[in-house]
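Visitor: Dropping in data29.csv, with CSV, C-alpha atoms and all ligand atoms.
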chain,number,residue,atom,x,y,z
F,152,MET,CA,64.5,91.1,103.9
F,153,PHE,CA,66.4,93.5,106.1
F,154,ALA,CA,64.6,96.5,107.7
F,155,GLU,CA,65.7,99.9,106.6
F,156,ALA,CA,67.2,100.6,110.1
F,157,VAL,CA,69.4,97.5,109.7
F,158,LEU,CA,70.6,98.7,106.3
F,159,SER,CA,71.4,102.2,107.7
F,160,VAL,CA,74.9,100.9,108.6
F,161,PHE,CA,75.8,101.5,104.9
F,162,SER,CA,77.4,104.7,104.0
F,163,GLN,CA,79.5,105.7,101.0
F,164,ARG,CA,81.1,108.5,102.9
F,165,TYR,CA,83.9,108.0,105.3
F,166,ALA,CA,82.7,110.5,107.9
F,167,ASP,CA,79.3,108.9,108.2
F,168,ALA,CA,80.7,105.4,108.2
F,169,ARG,CA,83.2,106.3,110.9
F,170,ASP,CA,80.5,108.0,113.1
F,171,GLN,CA,78.4,104.8,113.0
F,172,PHE,CA,81.4,102.5,113.7
F,173,VAL,CA,82.6,104.7,116.6
F,174,SER,CA,79.1,105.0,118.2
F,175,HIS,CA,78.5,101.2,117.8
F,176,ALA,CA,81.9,100.4,119.3
F,177,GLU,CA,81.5,102.9,122.2
F,178,THR,CA,78.1,101.4,123.2
F,179,SER,CA,79.1,97.8,122.6
F,180,SER,CA,79.2,95.5,125.6
F,181,ILE,CA,82.0,93.4,124.0
F,182,VAL,CA,84.5,96.1,123.0
F,183,GLU,CA,87.3,96.1,125.6
F,184,LYS,CA,89.8,98.3,123.9
F,185,PHE,CA,89.4,101.0,121.2
F,186,SER,CA,92.2,103.0,119.6
F,187,HIS,CA,92.2,105.8,117.1
F,188,LEU,CA,95.2,106.2,114.9
F,189,PRO,CA,95.3,109.7,113.4
F,190,HIS,CA,96.3,110.1,109.8
F,191,THR,CA,98.5,113.0,108.8
F,192,MET,CA,96.1,114.3,106.1
F,193,LYS,CA,92.5,115.6,106.4
F,194,GLY,CA,89.3,114.8,104.4
F,195,PRO,CA,87.6,116.9,101.7
F,196,LYS,CA,85.5,118.7,104.4
F,197,ASN,CA,88.6,119.3,106.5
F,198,GLU,CA,87.5,116.4,108.8
F,199,LYS,CA,90.2,114.4,110.7
F,200,LEU,CA,91.0,111.0,109.4
F,201,PHE,CA,91.6,107.9,111.5
F,202,CYS,CA,92.1,104.2,111.3
F,203,ASP,CA,90.0,103.0,114.3
F,204,ILE,CA,90.7,99.6,115.9
F,205,ALA,CA,88.2,98.0,118.2
F,206,TRP,CA,89.2,94.9,120.2
F,207,ALA,CA,86.1,92.9,121.2
F,208,GLY,CA,86.0,89.9,123.6
F,209,ASN,CA,89.1,88.5,125.3
F,210,HIS,CA,92.2,90.2,123.8
F,211,LYS,CA,94.4,87.5,125.3
F,212,ALA,CA,92.4,84.7,123.7
F,213,ASP,CA,94.1,81.8,121.8
F,214,LYS,CA,91.9,82.4,118.8
F,215,VAL,CA,91.6,85.7,117.0
F,216,LEU,CA,89.4,86.9,114.2
F,217,VAL,CA,90.6,90.1,112.5
F,218,VAL,CA,88.1,91.9,110.2
F,219,VAL,CA,89.6,94.7,108.1
F,220,SER,CA,87.8,97.4,106.0
F,221,GLY,CA,88.9,100.1,103.7
F,222,VAL,CA,92.3,98.9,102.5
F,223,HIS,CA,91.2,100.3,99.2
F,224,GLY,CA,89.7,103.5,100.6
F,225,VAL,CA,86.5,104.0,98.5
F,226,GLU,CA,85.7,100.2,98.9
F,227,GLY,CA,85.3,100.8,102.6
F,228,GLY,CA,81.5,101.0,102.6
F,229,ALA,CA,80.8,97.3,102.5
F,230,GLY,CA,83.4,96.4,105.2
F,231,SER,CA,82.4,99.3,107.4
F,232,ALA,CA,78.7,98.2,107.3
F,233,ILE,CA,79.6,94.6,108.2
F,234,GLN,CA,81.7,95.8,111.1
F,235,SER,CA,79.0,98.1,112.5
F,236,ASP,CA,76.4,95.4,112.0
F,237,PHE,CA,78.6,93.0,113.9
F,238,LEU,CA,78.9,95.3,116.8
F,239,SER,CA,75.2,96.0,116.9
F,240,ARG,CA,74.4,92.2,117.0
F,241,TYR,CA,76.9,90.5,119.3
F,242,ARG,CA,76.3,90.9,123.0
F,243,ARG,CA,79.0,88.3,124.0
F,244,LEU,CA,81.8,86.3,122.4
F,245,PRO,CA,83.1,82.9,123.3
F,246,ALA,CA,85.7,83.1,126.1
F,247,ASP,CA,88.6,81.8,123.9
F,248,VAL,CA,88.0,84.1,120.9
F,249,GLY,CA,89.0,87.7,120.4
F,250,VAL,CA,87.8,89.9,117.5
F,251,VAL,CA,89.8,92.8,116.2
F,252,LEU,CA,87.9,95.2,113.9
F,253,VAL,CA,90.2,97.4,111.8
F,254,HIS,CA,88.0,100.2,110.4
F,255,ALA,CA,89.2,102.2,107.4
F,256,LEU,CA,92.8,101.0,107.1
F,257,ASN,CA,93.2,103.6,104.3
F,258,PRO,CA,91.0,106.4,105.6
F,259,TRP,CA,92.3,109.0,103.2
F,260,GLY,CA,91.1,106.9,100.2
F,261,PHE,CA,87.7,106.3,101.9
F,262,ALA,CA,87.2,110.0,102.6
F,263,TRP,CA,88.5,111.2,99.2
F,264,ALA,CA,86.7,108.4,97.3
F,265,SER,CA,89.9,106.9,95.8
F,266,ARG,CA,91.1,103.4,95.7
F,267,ASN,CA,94.7,104.4,96.4
F,268,ASP,CA,96.1,106.3,99.4
F,269,ASP,CA,97.3,110.0,99.6
F,270,GLU,CA,100.6,109.0,98.1
F,271,GLY,CA,99.0,107.3,95.1
F,272,ILE,CA,99.8,103.9,96.5
F,273,ASP,CA,97.6,100.9,96.1
F,274,VAL,CA,98.0,99.6,99.7
F,275,ASN,CA,97.1,96.1,98.6
F,276,ARG,CA,100.2,96.0,96.3
F,277,ASN,CA,102.5,97.6,98.9
F,278,PHE,CA,103.5,94.5,100.9
F,279,VAL,CA,106.7,93.8,99.0
F,280,ASP,CA,110.3,93.7,100.3
F,281,PHE,CA,111.5,97.2,99.5
F,282,ASN,CA,115.1,96.2,100.4
F,283,ALA,CA,115.1,93.7,97.5
F,284,LYS,CA,114.8,94.4,93.8
F,285,LEU,CA,111.2,95.3,93.0
F,286,PRO,CA,109.1,93.0,90.8
F,287,LYS,CA,108.7,94.0,87.2
F,288,SER,CA,105.2,93.9,85.8
F,289,GLY,CA,103.9,93.6,82.3
F,290,ALA,CA,101.2,96.0,83.3
F,291,THR,CA,103.2,99.1,82.4
F,292,ALA,CA,103.3,98.1,78.7
F,293,ILE,CA,99.5,97.8,78.7
F,294,TRP,CA,99.1,101.3,80.3
F,295,ASP,CA,101.4,102.6,77.6
F,296,GLN,CA,99.3,101.0,74.9
F,297,LEU,CA,96.2,102.5,76.5
F,298,ALA,CA,97.8,106.0,76.6
F,299,GLN,CA,98.7,105.7,72.9
F,300,GLY,CA,95.2,104.6,72.0
F,301,LYS,CA,96.4,101.2,70.7
F,302,THR,CA,93.9,99.5,73.0
F,303,ASP,CA,90.9,100.5,75.0
F,304,ILE,CA,89.4,99.8,78.4
F,305,ALA,CA,86.5,97.7,76.9
F,306,SER,CA,89.0,95.3,75.1
F,307,ILE,CA,91.1,94.9,78.2
F,308,ALA,CA,88.1,94.3,80.4
F,309,ARG,CA,86.9,91.6,78.0
F,310,ASP,CA,90.3,89.8,78.0
F,311,ARG,CA,90.8,88.1,81.3
F,312,GLU,CA,94.5,87.6,80.8
F,313,GLN,CA,95.1,91.3,80.0
F,314,PHE,CA,92.9,92.4,82.9
F,315,ASP,CA,94.8,90.3,85.4
F,316,LEU,CA,98.1,91.6,84.1
F,317,LEU,CA,96.9,95.2,84.3
F,318,SER,CA,95.8,94.8,87.9
F,319,GLU,CA,98.5,92.5,89.2
F,320,GLY,CA,100.5,95.5,90.6
F,321,GLN,CA,103.3,97.6,89.3
F,322,TYR,CA,106.2,99.6,90.8
F,323,GLU,CA,107.3,101.8,87.9
F,324,LYS,CA,104.5,104.2,87.2
F,325,PRO,CA,103.2,106.2,90.2
F,326,GLU,CA,100.8,108.0,87.9
F,327,MET,CA,99.0,104.8,87.0
F,328,PRO,CA,96.6,102.6,89.0
F,329,TYR,CA,97.7,99.5,90.9
F,330,TYR,CA,101.0,101.2,91.9
F,331,GLY,CA,102.6,99.5,94.8
F,332,GLY,CA,104.9,102.4,95.9
F,333,LYS,CA,108.6,102.7,96.8
F,334,GLN,CA,108.3,102.3,100.5
F,335,ALA,CA,105.9,101.1,103.2
F,336,SER,CA,102.7,103.1,103.2
F,337,TRP,CA,101.0,104.6,106.3
F,338,SER,CA,98.4,101.8,106.1
F,339,ARG,CA,101.1,99.1,106.0
F,340,GLN,CA,102.8,100.5,109.1
F,341,VAL,CA,99.4,100.4,110.9
F,342,ILE,CA,99.2,96.7,110.0
F,343,GLU,CA,102.7,96.0,111.1
F,344,GLU,CA,102.1,97.6,114.4
F,345,LEU,CA,98.8,95.8,114.9
F,346,VAL,CA,100.4,92.4,114.1
F,347,ALA,CA,103.2,93.2,116.7
F,348,GLU,CA,100.5,93.8,119.2
F,349,ILE,CA,98.5,90.7,118.4
F,350,LYS,CA,101.7,88.6,118.6
F,351,PRO,CA,100.6,85.7,116.3
F,352,VAL,CA,103.3,83.3,117.8
F,353,ARG,CA,101.3,83.4,121.1
F,354,ARG,CA,98.0,82.4,119.4
F,355,LYS,CA,96.6,79.1,118.3
F,356,GLN,CA,94.6,80.2,115.3
F,357,ILE,CA,94.1,83.5,113.6
F,358,ILE,CA,91.6,84.2,110.8
F,359,VAL,CA,91.8,87.5,108.9
F,360,LEU,CA,88.9,88.6,106.8
F,361,ASP,CA,89.8,91.6,104.6
F,362,ILE,CA,86.7,93.1,103.0
F,363,HIS,CA,86.8,94.5,99.5
F,364,SER,CA,84.4,95.4,96.7
F,365,GLY,CA,84.5,95.7,92.9
F,366,LEU,CA,85.4,92.3,91.5
F,367,GLY,CA,83.0,89.5,90.6
F,368,PRO,CA,79.2,89.2,90.1
F,369,TYR,CA,76.9,91.8,91.6
F,370,GLY,CA,76.4,91.4,95.3
F,371,TYR,CA,78.3,88.0,95.5
F,372,GLY,CA,80.8,87.8,98.3
F,373,GLU,CA,83.7,85.6,97.1
F,374,LEU,CA,86.2,84.3,99.6
F,375,ILE,CA,89.5,84.6,97.8
F,376,CYS,CA,92.4,82.6,99.2
F,377,ASP,CA,95.9,83.4,98.1
F,378,HIS,CA,97.6,80.9,100.4
F,379,PRO,CA,99.6,78.2,98.4
F,380,VAL,CA,97.2,75.4,97.5
F,381,ASP,CA,99.4,72.9,99.3
F,382,SER,CA,99.5,74.9,102.6
F,383,LYS,CA,97.9,74.1,105.9
F,384,ALA,CA,96.2,77.5,105.9
F,385,HIS,CA,94.6,76.8,102.5
F,386,ASP,CA,93.2,73.5,103.8
F,387,TYR,CA,91.9,75.2,106.9
F,388,ALA,CA,90.1,77.8,104.8
F,389,VAL,CA,88.4,75.0,102.7
F,390,ASP,CA,87.5,73.0,105.8
F,391,LEU,CA,85.9,76.1,107.3
F,392,PHE,CA,84.2,77.7,104.3
F,393,GLY,CA,83.9,74.8,101.8
F,394,ALA,CA,83.5,75.3,98.1
F,395,THR,CA,83.0,79.1,98.4
F,396,VAL,CA,86.8,79.4,98.7
F,397,THR,CA,88.5,80.3,95.5
F,398,GLU,CA,92.2,80.4,94.5
F,399,PRO,CA,93.6,82.9,92.0
F,400,SER,CA,96.5,80.5,91.3
F,401,LEU,CA,94.0,77.9,90.1
F,402,GLY,CA,92.1,80.3,87.9
F,403,ASN,CA,88.7,79.9,89.6
F,404,SER,CA,88.6,83.3,91.2
F,405,SER,CA,87.4,86.7,90.0
F,406,SER,CA,90.9,87.9,91.0
F,407,GLY,CA,94.2,87.0,89.3
F,408,THR,CA,97.5,86.4,91.1
F,409,LYS,CA,98.9,89.6,92.4
F,410,LEU,CA,102.1,91.3,93.7
F,411,GLY,CA,102.6,92.8,97.2
F,412,LEU,CA,99.2,91.7,98.7
F,413,HIS,CA,98.3,92.5,102.3
F,414,ASP,CA,97.7,88.7,102.5
F,415,TYR,CA,101.4,88.0,102.2
F,416,PHE,CA,102.3,89.9,105.3
F,417,TRP,CA,99.9,87.8,107.4
F,418,HIS,CA,100.9,84.6,105.6
F,419,SER,CA,104.5,85.2,106.8
F,420,GLN,CA,103.3,85.1,110.5
F,421,GLY,CA,102.8,81.3,110.4
F,422,GLU,CA,100.7,78.5,109.1
F,423,HIS,CA,98.1,79.1,111.8
F,424,VAL,CA,97.2,82.4,110.2
F,425,CYS,CA,94.5,82.0,107.6
F,426,TYR,CA,93.8,85.1,105.5
F,427,LEU,CA,90.8,85.5,103.2
F,428,THR,CA,89.7,88.4,101.1
F,429,LEU,CA,85.9,88.8,101.2
F,430,GLU,CA,85.3,90.5,97.8
F,431,PHE,CA,81.8,91.8,96.9
F,432,GLY,CA,81.1,92.2,93.2
F,433,THR,CA,79.4,95.2,91.7
F,434,TYR,CA,79.2,96.3,88.1
F,435,GLY,CA,82.0,94.5,86.4
F,436,ASN,CA,85.6,95.1,85.2
F,437,GLN,CA,84.9,97.5,82.3
F,438,GLN,CA,83.0,100.0,84.5
F,439,MET,CA,85.7,99.6,87.2
F,440,LEU,CA,88.5,100.5,84.9
F,441,GLN,CA,86.5,103.4,83.6
F,442,VAL,CA,85.8,105.0,87.0
F,443,LEU,CA,89.4,104.2,88.2
F,444,SER,CA,91.0,105.9,85.2
F,445,GLU,CA,88.8,109.0,85.5
F,446,ASP,CA,89.7,109.3,89.1
F,447,GLN,CA,93.4,108.7,88.3
F,448,LYS,CA,93.3,111.5,85.7
F,449,LEU,CA,91.6,113.8,88.2
F,450,GLN,CA,94.3,113.1,90.8
F,451,GLN,CA,97.1,113.6,88.3
F,452,SER,CA,95.6,117.0,87.3
F,453,GLY,CA,96.1,118.2,90.9
F,454,LYS,CA,92.6,119.7,90.8
F,455,VAL,CA,90.6,117.7,93.3
F,456,ASP,CA,88.3,120.5,94.4
F,457,TRP,CA,85.3,119.2,96.3
F,458,SER,CA,83.2,122.2,95.3
F,459,ASP,CA,83.8,121.5,91.6
F,460,ASP,CA,81.0,119.7,89.7
F,461,ASN,CA,83.5,117.7,87.6
F,462,THR,CA,85.3,116.5,90.7
F,463,LEU,CA,82.0,115.5,92.4
F,464,ASP,CA,80.8,113.6,89.2
F,465,ILE,CA,84.0,111.5,89.2
F,466,LYS,CA,84.0,110.9,93.0
F,467,HIS,CA,80.3,110.0,93.0
F,468,ALA,CA,80.8,107.5,90.2
F,469,MET,CA,83.6,105.9,92.3
F,470,GLN,CA,81.3,105.7,95.3
F,471,ASP,CA,78.4,104.4,93.3
F,472,PHE,CA,80.6,101.8,91.7
F,473,PHE,CA,82.3,100.5,94.8
F,474,CYS,CA,79.4,100.8,97.2
F,475,PRO,CA,76.1,100.8,95.3
F,476,GLN,CA,73.2,102.6,97.1
F,477,ASP,CA,70.9,99.7,96.3
F,478,LYS,CA,68.9,97.7,98.8
F,479,GLN,CA,69.4,94.4,96.9
F,480,TRP,CA,73.2,94.8,97.0
F,481,GLN,CA,73.3,96.0,100.6
F,482,GLU,CA,71.2,93.0,101.7
F,483,LEU,CA,73.4,90.5,99.8
F,484,VAL,CA,76.5,92.1,101.5
F,485,LEU,CA,75.1,92.1,104.9
F,486,PHE,CA,73.8,88.5,104.7
F,487,ARG,CA,77.1,87.2,103.4
F,488,GLY,CA,79.1,89.3,105.9
F,489,ARG,CA,77.0,87.8,108.8
F,490,GLN,CA,77.3,84.3,107.3
F,491,VAL,CA,81.1,84.4,106.9
F,492,ILE,CA,81.8,86.0,110.3
F,493,GLY,CA,79.4,83.4,111.9
F,494,MET,CA,81.3,80.5,110.2
F,495,ALA,CA,84.6,81.9,111.2
F,496,LEU,CA,83.6,82.2,114.9
F,497,ASP,CA,82.1,78.7,114.8
F,498,GLY,CA,85.3,77.4,113.3
F,499,LEU,CA,87.5,79.1,115.9
F,500,THR,CA,85.2,78.1,118.8
F,501,ASP,CA,84.9,74.4,118.1
F,502,ASN,CA,87.1,72.7,115.5
F,503,ALA,CA,84.9,69.5,115.7
F,504,ASN,CA,82.1,71.4,114.0
F,505,VAL,CA,84.2,72.2,111.0
F,506,HIS,CA,82.6,70.6,108.1
F,507,HIS,CA,84.9,68.5,105.9
F,508,ASN,CA,84.7,69.0,102.3
F,509,SER,CA,85.3,66.2,99.9
F,510,ARG,CA,88.2,67.3,97.6
G,601,ZN,ZN,90.0,96.0,96.9
Is it possible to express this structure as structure tokens?
Guide:
Amino acid sequence: MFAEAVLSVFSQRYADARDQFVSHAETSSIVEKFSHLPHTMKGPKNEKLFCDIAWAGNHKADKVLVVVSGVHGVEGGAGSAIQSDFLSRYRRLPADVGVVLVHALNPWGFAWASRNDDEGIDVNRNFVDFNAKLPKSGATAIWDQLAQGKTDIASIARDREQFDLLSEGQYEKPEMPYYGGKQASWSRQVIEELVAEIKPVRRKQIIVLDIHSGLGPYGYGELICDHPVDSKAHDYAVDLFGATVTEPSLGNSSSGTKLGLHDYFWHSQGEHVCYLTLEFGTYGNQQMLQVLSEDQKLQQSGKVDWSDDNTLDIKHAMQDFFCPQDKQWQELVLFRGRQVIGMALDGLTDNANVHHNSR
């Protein structure tokens, strides 16, 4: 369906993905502003790490579409491909729409093939109020049971309630996955600064598409909406994207309800901000928990040596799980990415065209 050259936007590796994004942004006729925020750490081949932010179209426009990749590091391949593909296809944008592409929000995780950041933080559980009492999660008890051999990954993956609890986010065990941290992560600070620059109060409508992978059916791009179901932003999402919008709180999503989501920070900017996660499924929850726990053990061992075969086995398993090198998967991701961005731009450009869903 797509030519090989079109699919070449996919890369499991941060350095290649970044090279593509940077070269597409630098040659794009619609990019007006391009900034590179250096991370304090380096990649496994001693390469420098950045979150790169490209502003396309009119940056003072009333309507803004923000497309984010790599919140969960190793998941960055899908979002990065969609962003580079977008830059290679669009020669102009409507006058009243600006597009902000945030490439590799967690570049350390992308480069080191981890879902968390360099501090072990799950950035997508990090958006809590650290001045208030941190939420307690039932997840820690499940991790203890796992460690004691009282349950196993296969049983948890089969039990949706257990899986949702395990992955909802926890603030007690830094050595375990889905750890939300004790303070704002580097990536969260990048988002806070970006939002201050966008100034949502001065805009009429903002759509945020945050691209992830790992949950749901193979290749399917689910639009997960965590806005309250009685909110304006939720209605806007359903008007725009119809029945493909799912709600964790209603139980019709591959995701459960979660603590400290990136979503919540954007939600707090006003009802005209509509945030959706575009989540691409791969090989299912059991395999996900397996690759994640192997990577977690490796990180805890302190021996992440890129020249070591065991390290590479674990890291390649992470990359293959979160960004399969499979033509069918890549085509599904690219098709859906183009479709969702197209619908978002149509919606922002002309509200009369928004299709109204019978609910
Ligand atoms: Zn994710």
Visitor: What do you get as a ChimeraX atom specification if you pick all residues at most 9 Å from ligand ZN 601 (chain G), counting all atoms listed in the file?
Guide: /F:221-227,266,275,361-366,428,430
Visitor: If we count only C-alpha atoms, what is near stretch 313-326 of chain F at a cut-off of 8 Å, once residues fewer than 4 positions away on the same chain are taken out, given as a list in words?
Guide: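 Near stretch 313-326 of chain F, the qualifying residues are Gly271, Ile272, Arg276, Leu285, Pro286, Lys287, Ser288, Gly289, Ala290, Thr291, Ile293, Trp294, Ile307, Ala308, Arg309, Tyr330, Gly331, Gly332, Lys333, Ser406, Gly407, Thr408, Lys409, Leu410, Gly411, Gln447 and Gln451 of chain F.
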Visitor: Hey, could you make a per-residue contact list for stretch 260-356 of chain F against stretch 179-193 of chain F with 10 Å as the cut-off, showing the nearest pair of atoms and its distance in Å to one decimal, counting all atoms listed in the file, sorted by chain and number, as a Markdown table?
Guide:
| residue | atom | partner | partner_atom | distance |
| --- | --- | --- | --- | --- |
| F:Ala262 | CA | F:Lys193 | CA | 8.6 |
| F:Trp263 | CA | F:Lys193 | CA | 9.3 |
| F:Asp269 | CA | F:Met192 | CA | 7.9 |
| F:Trp337 | CA | F:His190 | CA | 8.0 |
| F:Ser338 | CA | F:His190 | CA | 9.3 |
| F:Val341 | CA | F:Leu188 | CA | 8.2 |
Visitor: Which residues come within 12 Å of stretch 381-389 of chain F, counting only C-alpha atoms, excluding same-chain residues fewer than 6 positions away, as number ranges by chain?
Guide: F: 356-360, 374-375, 395-398, 400-401, 414, 417-428, 491, 494-495, 498-499, 502, 505-510
Visitor: Please indicate the distance in Å from atom CA of F:Glu198 to atom CA of F:Leu429, rounded to one decimal place.
Guide: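 These atoms are spaced 28.7 Å apart.
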Visitor: What separation in Å, quoted to one decimal, exists between atom CA of F:Ala305 and atom CA of F:Gln437?
Guide: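 Pair atom CA of F:Ala305 / atom CA of F:Gln437 returns 5.6 Å.
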Visitor: Got a sec: who's within 9 Å of F:Val251, counting all atoms listed in the file, leaving out chain neighbours fewer than 3 positions off, as a list in words?
Guide: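 Here the answer would be Ile204, Ala205, Trp206, Ala207, Gly208, His210, Val215, Leu216, Val217, Val218 and Val219 of chain F.
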